[in-house]
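Peer 1: Next up, protein16.txt (compact mmCIF, C-alpha atoms and all ligand atoms).
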# COMPACT_ATOMS: atom_id res chain seq x y z
CA MET A 1 0.00 0.00 0.00
CA SER A 2 2.91 2.34 0.69
CA GLU A 3 3.01 3.63 -2.89
CA LEU A 4 -0.75 4.40 -2.96
CA THR A 5 -1.88 7.93 -2.17
CA ARG A 6 -5.33 9.21 -1.22
CA GLY A 7 -6.84 11.27 -4.02
CA GLU A 8 -9.99 13.31 -4.53
CA LEU A 9 -13.26 12.78 -2.71
CA LEU A 10 -15.44 10.76 -5.10
CA ASN A 11 -18.59 10.46 -3.05
CA GLU A 12 -19.89 11.24 0.43
CA GLY A 13 -22.67 9.03 1.70
CA LYS A 14 -24.53 9.05 5.00
CA ALA A 15 -21.96 6.95 6.85
CA LYS A 16 -18.86 6.98 4.63
CA LYS A 17 -16.69 9.06 2.34
CA ILE A 18 -15.10 7.45 -0.69
CA TYR A 19 -11.76 8.69 -2.00
CA ALA A 20 -9.92 7.92 -5.22
CA THR A 21 -6.38 6.55 -5.04
CA SER A 22 -3.47 6.63 -7.45
CA ASP A 23 -4.66 3.16 -8.59
CA ALA A 24 -7.84 3.52 -10.72
CA ASP A 25 -9.08 0.10 -9.54
CA LYS A 26 -8.89 0.90 -5.83
CA VAL A 27 -10.72 3.37 -3.59
CA ILE A 28 -10.52 4.28 0.08
CA PHE A 29 -13.56 4.12 2.38
CA TYR A 30 -13.49 6.56 5.28
CA PHE A 31 -15.99 5.55 8.01
CA LYS A 32 -17.75 8.47 9.74
CA ASP A 33 -19.53 8.59 13.10
CA ASP A 34 -22.63 10.13 11.48
CA ALA A 35 -25.80 8.12 11.84
CA THR A 36 -29.10 8.60 10.03
CA ALA A 37 -32.37 6.73 10.09
CA PHE A 38 -35.71 6.81 8.30
CA ASN A 39 -34.11 8.06 5.11
CA ALA A 40 -32.09 10.74 6.91
CA GLN A 41 -35.12 12.28 8.64
CA LYS A 42 -33.39 11.38 11.91
CA LYS A 43 -29.78 12.49 12.19
CA GLY A 44 -27.18 12.00 14.88
CA SER A 45 -23.75 10.76 15.68
CA ILE A 46 -22.56 7.63 17.44
CA ASN A 47 -19.22 8.07 19.16
CA SER A 48 -16.50 5.84 17.61
CA LYS A 49 -19.02 4.22 15.23
CA GLY A 50 -16.77 4.77 12.21
CA ILE A 51 -13.83 3.08 13.92
CA LEU A 52 -15.92 0.12 15.09
CA ASN A 53 -17.70 -0.35 11.75
CA ASN A 54 -14.36 -0.28 9.93
CA ARG A 55 -13.07 -3.04 12.25
CA ILE A 56 -16.24 -5.13 12.26
CA SER A 57 -16.61 -4.97 8.46
CA ALA A 58 -12.98 -6.00 7.97
CA ARG A 59 -13.48 -8.91 10.40
CA PHE A 60 -16.53 -10.14 8.46
CA PHE A 61 -14.94 -9.68 5.01
CA LYS A 62 -11.85 -11.65 6.15
CA LEU A 63 -14.03 -14.40 7.59
CA LEU A 64 -16.02 -14.61 4.33
CA LYS A 65 -12.79 -14.77 2.33
CA GLU A 66 -11.69 -17.77 4.42
CA LYS A 67 -14.98 -19.41 3.34
CA ASP A 68 -14.37 -18.61 -0.35
CA ILE A 69 -16.72 -15.63 -0.56
CA SER A 70 -14.85 -12.77 -2.21
CA SER A 71 -15.51 -9.12 -1.50
CA HIS A 72 -14.11 -5.74 -2.39
CA TYR A 73 -12.06 -5.66 0.85
CA LEU A 74 -8.31 -5.38 0.32
CA GLU A 75 -6.71 -3.95 3.42
CA THR A 76 -7.31 -1.88 6.55
CA LEU A 77 -5.33 1.34 6.29
CA SER A 78 -6.12 3.12 9.54
CA ASP A 79 -8.71 3.37 12.30
CA ARG A 80 -11.30 4.74 9.91
CA GLU A 81 -9.93 3.82 6.50
CA MET A 82 -10.27 0.66 4.42
CA LEU A 83 -8.79 0.05 0.97
CA VAL A 84 -11.28 -1.66 -1.34
CA ARG A 85 -11.61 -2.64 -5.00
CA LYS A 86 -13.54 -0.11 -6.99
CA VAL A 87 -16.86 -1.46 -8.25
CA GLU A 88 -19.93 -0.06 -9.94
CA ILE A 89 -22.64 -0.54 -7.32
CA ILE A 90 -25.73 -2.41 -8.51
CA PRO A 91 -28.67 -0.28 -7.30
CA CYS A 92 -30.50 -3.28 -5.82
CA GLU A 93 -29.89 -3.59 -2.07
CA THR A 94 -30.11 -7.22 -1.03
CA VAL A 95 -31.74 -7.98 2.32
CA VAL A 96 -31.63 -11.43 3.93
CA ARG A 97 -34.02 -12.14 6.80
CA ASN A 98 -33.89 -15.04 9.25
CA ILE A 99 -36.52 -13.67 11.65
CA VAL A 100 -39.44 -11.33 10.93
CA THR A 101 -39.00 -7.79 12.23
CA GLY A 102 -38.56 -4.22 10.96
CA SER A 103 -40.20 -3.23 7.71
CA LEU A 104 -41.25 -6.81 6.91
CA ALA A 105 -43.31 -7.16 10.11
CA LYS A 106 -44.96 -3.82 9.36
CA ARG A 107 -45.56 -4.34 5.64
CA LEU A 108 -47.17 -7.78 5.92
CA GLY A 109 -48.64 -7.49 9.43
CA ARG A 110 -46.56 -10.35 10.81
CA PRO A 111 -45.68 -10.59 14.52
CA ASP A 112 -42.33 -9.15 15.48
CA GLY A 113 -39.84 -11.95 16.12
CA GLU A 114 -41.75 -14.54 14.09
CA GLU A 115 -39.57 -17.51 13.09
CA ILE A 116 -39.62 -18.45 9.41
CA SER A 117 -38.94 -21.82 7.80
CA ARG A 118 -36.10 -20.55 5.59
CA PRO A 119 -34.24 -17.29 4.98
CA LEU A 120 -36.05 -14.70 2.89
CA VAL A 121 -34.21 -12.62 0.30
CA GLU A 122 -35.58 -9.26 -0.84
CA PHE A 123 -34.38 -6.52 -3.17
CA TYR A 124 -34.79 -2.80 -2.55
CA TYR A 125 -34.17 -0.13 -5.17
CA LYS A 126 -31.30 2.03 -3.90
CA ASP A 127 -32.77 5.51 -4.25
CA ASP A 128 -32.87 7.88 -1.28
CA ALA A 129 -35.44 10.18 -2.90
CA LEU A 130 -37.86 7.23 -3.11
CA GLY A 131 -36.93 5.83 0.32
CA ASP A 132 -35.40 2.62 -1.11
CA PRO A 133 -38.65 0.86 -2.15
CA LEU A 134 -39.06 -2.93 -2.15
CA ILE A 135 -38.90 -4.25 -5.74
CA THR A 136 -39.38 -7.52 -7.57
CA ASP A 137 -36.86 -9.11 -9.94
CA ASP A 138 -38.99 -7.91 -12.86
CA HIS A 139 -38.66 -4.25 -11.84
CA ALA A 140 -34.86 -4.58 -11.74
CA VAL A 141 -34.71 -6.31 -15.11
CA VAL A 142 -37.26 -4.13 -16.94
CA PHE A 143 -35.68 -0.88 -15.72
CA GLY A 144 -32.15 -2.14 -16.44
CA TRP A 145 -30.78 -2.10 -12.88
CA ALA A 146 -29.58 -5.71 -13.10
CA THR A 147 -30.02 -8.74 -15.35
CA GLN A 148 -31.89 -11.82 -14.13
CA GLU A 149 -28.57 -13.71 -14.09
CA GLU A 150 -27.07 -11.00 -11.85
CA LEU A 151 -30.07 -11.10 -9.49
CA ASP A 152 -29.75 -14.88 -9.26
CA GLU A 153 -26.08 -14.38 -8.37
CA LEU A 154 -26.90 -11.74 -5.72
CA ARG A 155 -29.40 -14.14 -4.16
CA ARG A 156 -26.91 -17.00 -4.22
CA GLN A 157 -24.09 -14.96 -2.69
CA ALA A 158 -26.36 -13.31 -0.10
CA LEU A 159 -27.55 -16.73 1.12
CA ALA A 160 -23.94 -17.97 1.18
CA VAL A 161 -23.00 -14.96 3.36
CA ASN A 162 -25.91 -15.85 5.67
CA ASP A 163 -24.70 -19.47 5.87
CA VAL A 164 -21.32 -18.21 7.13
CA LEU A 165 -22.31 -15.31 9.37
CA ARG A 166 -25.37 -16.84 11.05
CA PRO A 167 -23.57 -19.76 12.75
CA PHE A 168 -20.49 -17.60 13.40
CA MET A 169 -22.62 -15.11 15.32
CA LEU A 170 -24.65 -17.79 17.12
CA GLU A 171 -21.43 -19.34 18.43
CA ARG A 172 -20.80 -15.92 19.96
CA GLY A 173 -24.25 -15.71 21.53
CA ILE A 174 -25.82 -13.49 18.89
CA ILE A 175 -28.76 -14.07 16.56
CA LEU A 176 -28.25 -12.69 13.07
CA VAL A 177 -31.82 -11.47 12.56
CA ASP A 178 -31.42 -9.81 9.17
CA PHE A 179 -28.94 -7.79 7.13
CA LYS A 180 -28.50 -5.70 4.01
CA LEU A 181 -25.75 -6.27 1.45
CA GLU A 182 -24.61 -4.29 -1.55
CA PHE A 183 -22.90 -5.79 -4.56
CA GLY A 184 -20.99 -4.21 -7.42
CA ARG A 185 -19.57 -5.05 -10.81
CA THR A 186 -15.79 -5.01 -11.28
CA SER A 187 -14.27 -3.64 -14.49
CA ASP A 188 -14.57 -7.13 -16.03
CA GLY A 189 -18.24 -7.48 -14.99
CA THR A 190 -17.74 -9.89 -12.09
CA ILE A 191 -20.26 -9.51 -9.26
CA LEU A 192 -18.46 -8.68 -6.03
CA LEU A 193 -19.75 -8.23 -2.48
CA ALA A 194 -19.13 -4.58 -1.49
CA ASP A 195 -20.02 -1.78 0.95
CA GLU A 196 -19.93 -2.69 4.66
CA ILE A 197 -21.27 -5.36 7.02
CA CYS A 198 -21.68 -3.96 10.51
CA PRO A 199 -24.30 -3.01 13.14
CA ASP A 200 -25.54 -0.25 10.80
CA THR A 201 -26.51 -2.81 8.18
CA CYS A 202 -27.38 -5.89 10.26
CA ARG A 203 -29.77 -6.67 13.09
CA PHE A 204 -28.08 -8.52 15.94
CA TRP A 205 -30.00 -9.77 18.99
CA ASP A 206 -28.38 -11.25 22.05
CA ALA A 207 -29.35 -14.94 21.92
CA LYS A 208 -30.19 -15.16 25.65
CA THR A 209 -31.82 -11.80 26.39
CA ARG A 210 -32.87 -10.76 22.84
CA LYS A 211 -31.32 -7.35 23.61
CA LYS A 212 -30.82 -5.40 20.37
CA LEU A 213 -27.13 -4.84 19.64
CA ASP A 214 -27.33 -2.80 16.44
CA LYS A 215 -28.50 0.45 14.88
CA ASP A 216 -32.08 -0.18 16.01
CA ARG A 217 -30.91 1.22 19.37
CA PHE A 218 -30.36 4.54 17.55
CA ARG A 219 -33.44 4.25 15.29
CA GLN A 220 -35.72 3.55 18.27
CA ASP A 221 -33.96 5.75 20.85
CA LEU A 222 -33.18 2.77 23.09
CA GLY A 223 -29.95 4.21 24.56
CA GLU A 224 -26.58 2.45 25.03
CA VAL A 225 -25.99 2.75 21.30
CA GLU A 226 -22.21 3.00 21.42
CA ASP A 227 -22.03 0.14 23.95
CA ALA A 228 -23.91 -2.10 21.52
CA TYR A 229 -21.37 -1.45 18.73
CA HIS A 230 -18.51 -2.13 21.18
CA GLU A 231 -20.19 -5.33 22.32
CA ILE A 232 -20.46 -6.60 18.74
CA ALA A 233 -16.84 -5.66 17.97
CA GLU A 234 -15.71 -7.51 21.10
CA ARG A 235 -17.79 -10.63 20.49
CA VAL A 236 -16.65 -11.01 16.86
CA GLY A 237 -13.03 -10.36 17.80
CA ALA A 238 -12.74 -7.04 16.02
CA GLU A 239 -11.47 -4.96 18.94
P1 LIG B 301 -35.80 -3.14 7.38
O1 LIG B 301 -36.48 -4.17 8.21
O2 LIG B 301 -35.91 -1.75 7.93
O3 LIG B 301 -36.21 -3.21 5.92
O4 LIG B 301 -34.24 -3.48 7.40
C1 LIG B 301 -33.74 -4.72 6.94
C2 LIG B 301 -32.24 -4.79 7.18
O5 LIG B 301 -31.58 -3.84 6.36
C3 LIG B 301 -31.80 -4.48 8.60
O6 LIG B 301 -30.77 -5.41 8.95
C4 LIG B 301 -31.25 -3.11 8.56
C5 LIG B 301 -30.77 -2.96 7.14
N1 LIG B 301 -30.95 -1.63 6.61
C6 LIG B 301 -29.87 -0.94 6.07
O7 LIG B 301 -28.75 -1.43 6.07
N2 LIG B 301 -30.09 0.29 5.55
C7 LIG B 301 -31.33 0.88 5.51
O8 LIG B 301 -31.45 2.00 5.02
C8 LIG B 301 -32.43 0.15 6.07
C9 LIG B 301 -33.80 0.75 6.06
C10 LIG B 301 -32.20 -1.10 6.59
Represent the structure contained in this file as structure tokens.

Peer 2:
Amino acid sequence: MSELTRGELLNEGKAKKIYATSDADKVIFYFKDDATAFNAQKKGSINSKGILNNRISARFFKLLKEKDISSHYLETLSDREMLVRKVEIIPCETVVRNIVTGSLAKRLGRPDGEEISRPLVEFYYKDDALGDPLITDDHAVVFGWATQEELDELRRQALAVNDVLRPFMLERGIILVDFKLEFGRTSDGTILLADEICPDTCRFWDAKTRKKLDKDRFRQDLGEVEDAYHEIAERVGAE
């Protein structure tokens, strides 16, 4: 990495900044402490969140790599910086659910915490102005966001990620309730797992007490938000 230098700011999202590097195929993620919810209607900051999410994401990407699931992760550069492969993000956020809660419970009137017979995979159109609406495969294909083959691949990889992370978390006393993944296309068109995997993008419940250990503590004003992120970092061995 020593020869790489941080270049211009390419994009600033709600939780991260993305910088160019001297290598056109690599970018730097800078993890911020900023937190938003409900499509940025609620704004705040979680102390040290950027540092913890950088560590937790790296821990998960390394674990997935050991299980033959590739991602954009290349290297951790500093407390808040991660070097990743540059990809073109597919605007279909992939959500995997093991237990019913959140928007699913609300949308379909199902009881919170309902167990389901197998994981559910959903796609959401990544568009802040629209509030990331739930879409079907047909919407993505007809509007050109992804091909059916790509959607099949997103589903396959998302379930493979679940098959690794769910038992890994359970061994550490945590239920992986649901999570959101983003995938991108590399310059040669390969689908690659991207973005971040952390308490901002996953729901984690303590297996014994069902205490929420994720961003829902911020979304629902439950308090002890920072403690929850520390707890996850500690339990996954990212601290
Ligand atoms: P939902 O139940 O609110 O649809 O959330 C499903 C999962 O997606 C949950 O693990 C939290 C994550 N998520 C994000 O990463 N970003 C978002 O903007 C939202 C709404 C949810």

Peer 1: Please, what distance in Å, to one decimal, runs between atom CA of A:Asp127 and atom CA of A:Ala233?

Peer 2: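 These atoms are spaced 29.5 Å apart.
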
Peer 1: Write out as a short mmCIF file (atom, residue, chain, number, x, y, z; two decimals) with C-alpha atoms, in the frame of the given file which residues come within 12 Å of A:Arg235 when counting all atoms listed in the file, dropping same-chain ones fewer than 2 positions away.

Peer 2:
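The result, written out as selection_0.cif:
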data_model
loop_
_atom_site.label_atom_id
_atom_site.label_comp_id
_atom_site.auth_asym_id
_atom_site.auth_seq_id
_atom_site.Cartn_x
_atom_site.Cartn_y
_atom_site.Cartn_z
CA ILE A 56 -16.24 -5.13 12.26
CA ARG A 59 -13.48 -8.91 10.40
CA PHE A 168 -20.49 -17.60 13.40
CA MET A 169 -22.62 -15.11 15.32
CA LEU A 170 -24.65 -17.79 17.12
CA GLU A 171 -21.43 -19.34 18.43
CA ARG A 172 -20.80 -15.92 19.96
CA GLY A 173 -24.25 -15.71 21.53
CA ILE A 174 -25.82 -13.49 18.89
CA PHE A 204 -28.08 -8.52 15.94
CA ASP A 206 -28.38 -11.25 22.05
CA LEU A 213 -27.13 -4.84 19.64
CA ALA A 228 -23.91 -2.10 21.52
CA TYR A 229 -21.37 -1.45 18.73
CA HIS A 230 -18.51 -2.13 21.18
CA GLU A 231 -20.19 -5.33 22.32
CA ILE A 232 -20.46 -6.60 18.74
CA ALA A 233 -16.84 -5.66 17.97
CA GLY A 237 -13.03 -10.36 17.80
CA ALA A 238 -12.74 -7.04 16.02
CA GLU A 239 -11.47 -4.96 18.94
#

Peer 1: Using only C-alpha atoms and a cutoff of 12 Å, can you tell me which residues are near (-22.4, 9.7, 15.5) in the file's coordinates, and write them out as a PyMOL selection string?

Peer 2: chain A and resi 14-16+31-37+42-53+200+215+218+225-226+229

Peer 1: How would the residues just picked look written out with C-alpha atoms as an mmCIF file, keeping the file's coordinate frame?

Peer 2:
data_model
loop_
_atom_site.group_PDB
_atom_site.id
_atom_site.type_symbol
_atom_site.label_atom_id
_atom_site.label_comp_id
_atom_site.auth_asym_id
_atom_site.auth_seq_id
_atom_site.Cartn_x
_atom_site.Cartn_y
_atom_site.Cartn_z
ATOM 1 C CA LYS A 14 -24.530 9.050 5.000
ATOM 2 C CA ALA A 15 -21.960 6.950 6.850
ATOM 3 C CA LYS A 16 -18.860 6.980 4.630
ATOM 4 C CA PHE A 31 -15.990 5.550 8.010
ATOM 5 C CA LYS A 32 -17.750 8.470 9.740
ATOM 6 C CA ASP A 33 -19.530 8.590 13.100
ATOM 7 C CA ASP A 34 -22.630 10.130 11.480
ATOM 8 C CA ALA A 35 -25.800 8.120 11.840
ATOM 9 C CA THR A 36 -29.100 8.600 10.030
ATOM 10 C CA ALA A 37 -32.370 6.730 10.090
ATOM 11 C CA LYS A 42 -33.390 11.380 11.910
ATOM 12 C CA LYS A 43 -29.780 12.490 12.190
ATOM 13 C CA GLY A 44 -27.180 12.000 14.880
ATOM 14 C CA SER A 45 -23.750 10.760 15.680
ATOM 15 C CA ILE A 46 -22.560 7.630 17.440
ATOM 16 C CA ASN A 47 -19.220 8.070 19.160
ATOM 17 C CA SER A 48 -16.500 5.840 17.610
ATOM 18 C CA LYS A 49 -19.020 4.220 15.230
ATOM 19 C CA GLY A 50 -16.770 4.770 12.210
ATOM 20 C CA ILE A 51 -13.830 3.080 13.920
ATOM 21 C CA LEU A 52 -15.920 0.120 15.090
ATOM 22 C CA ASN A 53 -17.700 -0.350 11.750
ATOM 23 C CA ASP A 200 -25.540 -0.250 10.800
ATOM 24 C CA LYS A 215 -28.500 0.450 14.880
ATOM 25 C CA PHE A 218 -30.360 4.540 17.550
ATOM 26 C CA VAL A 225 -25.990 2.750 21.300
ATOM 27 C CA GLU A 226 -22.210 3.000 21.420
ATOM 28 C CA TYR A 229 -21.370 -1.450 18.730
#

Peer 1: So which one's closest to ligand LIG 301 (chain B), A:Asp227, A:Asp221, A:Glu93, A:Glu234? Using all atoms listed in the file, please.

Peer 2: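 When distances to ligand LIG 301 (chain B) are compared using all atoms listed in the file, the smallest one comes from A:Glu93.
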
Peer 1: Counting all atoms listed in the file, figure out which residue out of A:Leu4, A:Val121, A:Val95, A:Ala58 gets nearest to ligand LIG 301 (chain B).

Peer 2: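 Answer, going by the shortest atom-to-atom distance: A:Val95.
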
Peer 1: Quick one: everything within 12 Å of A:Leu134, counting all atoms listed in the file, minus sequence neighbours fewer than 3 positions away in the same chain. Send it as a VMD selection string.

Peer 2: chain A and resid 91 to 95 103 to 104 107 121 to 127 130 to 131 137 to 140

Peer 1: Counting only C-alpha atoms and all ligand atoms, which of A:Leu159, A:Ala207, A:Leu181, A:Ile28 gets nearest to ligand LIG 301 (chain B)?

Peer 2: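 Comparing A:Leu159, A:Ala207, A:Leu181, A:Ile28 against ligand LIG 301 (chain B), the winner is A:Leu181.
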
Peer 1: If you measure from atom CA of A:Ile191 to atom CA of A:Val87, what distance in Å do you get, rounded to one decimal?

Peer 2: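 Interatomic distance, atom CA of A:Ile191 to atom CA of A:Val87: 8.8 Å.
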
Peer 1: Atom O5 of ligand LIG 301 (chain B) to atom CA of A:Phe179: how many Å, to one decimal?

Peer 2: 4.8 Å
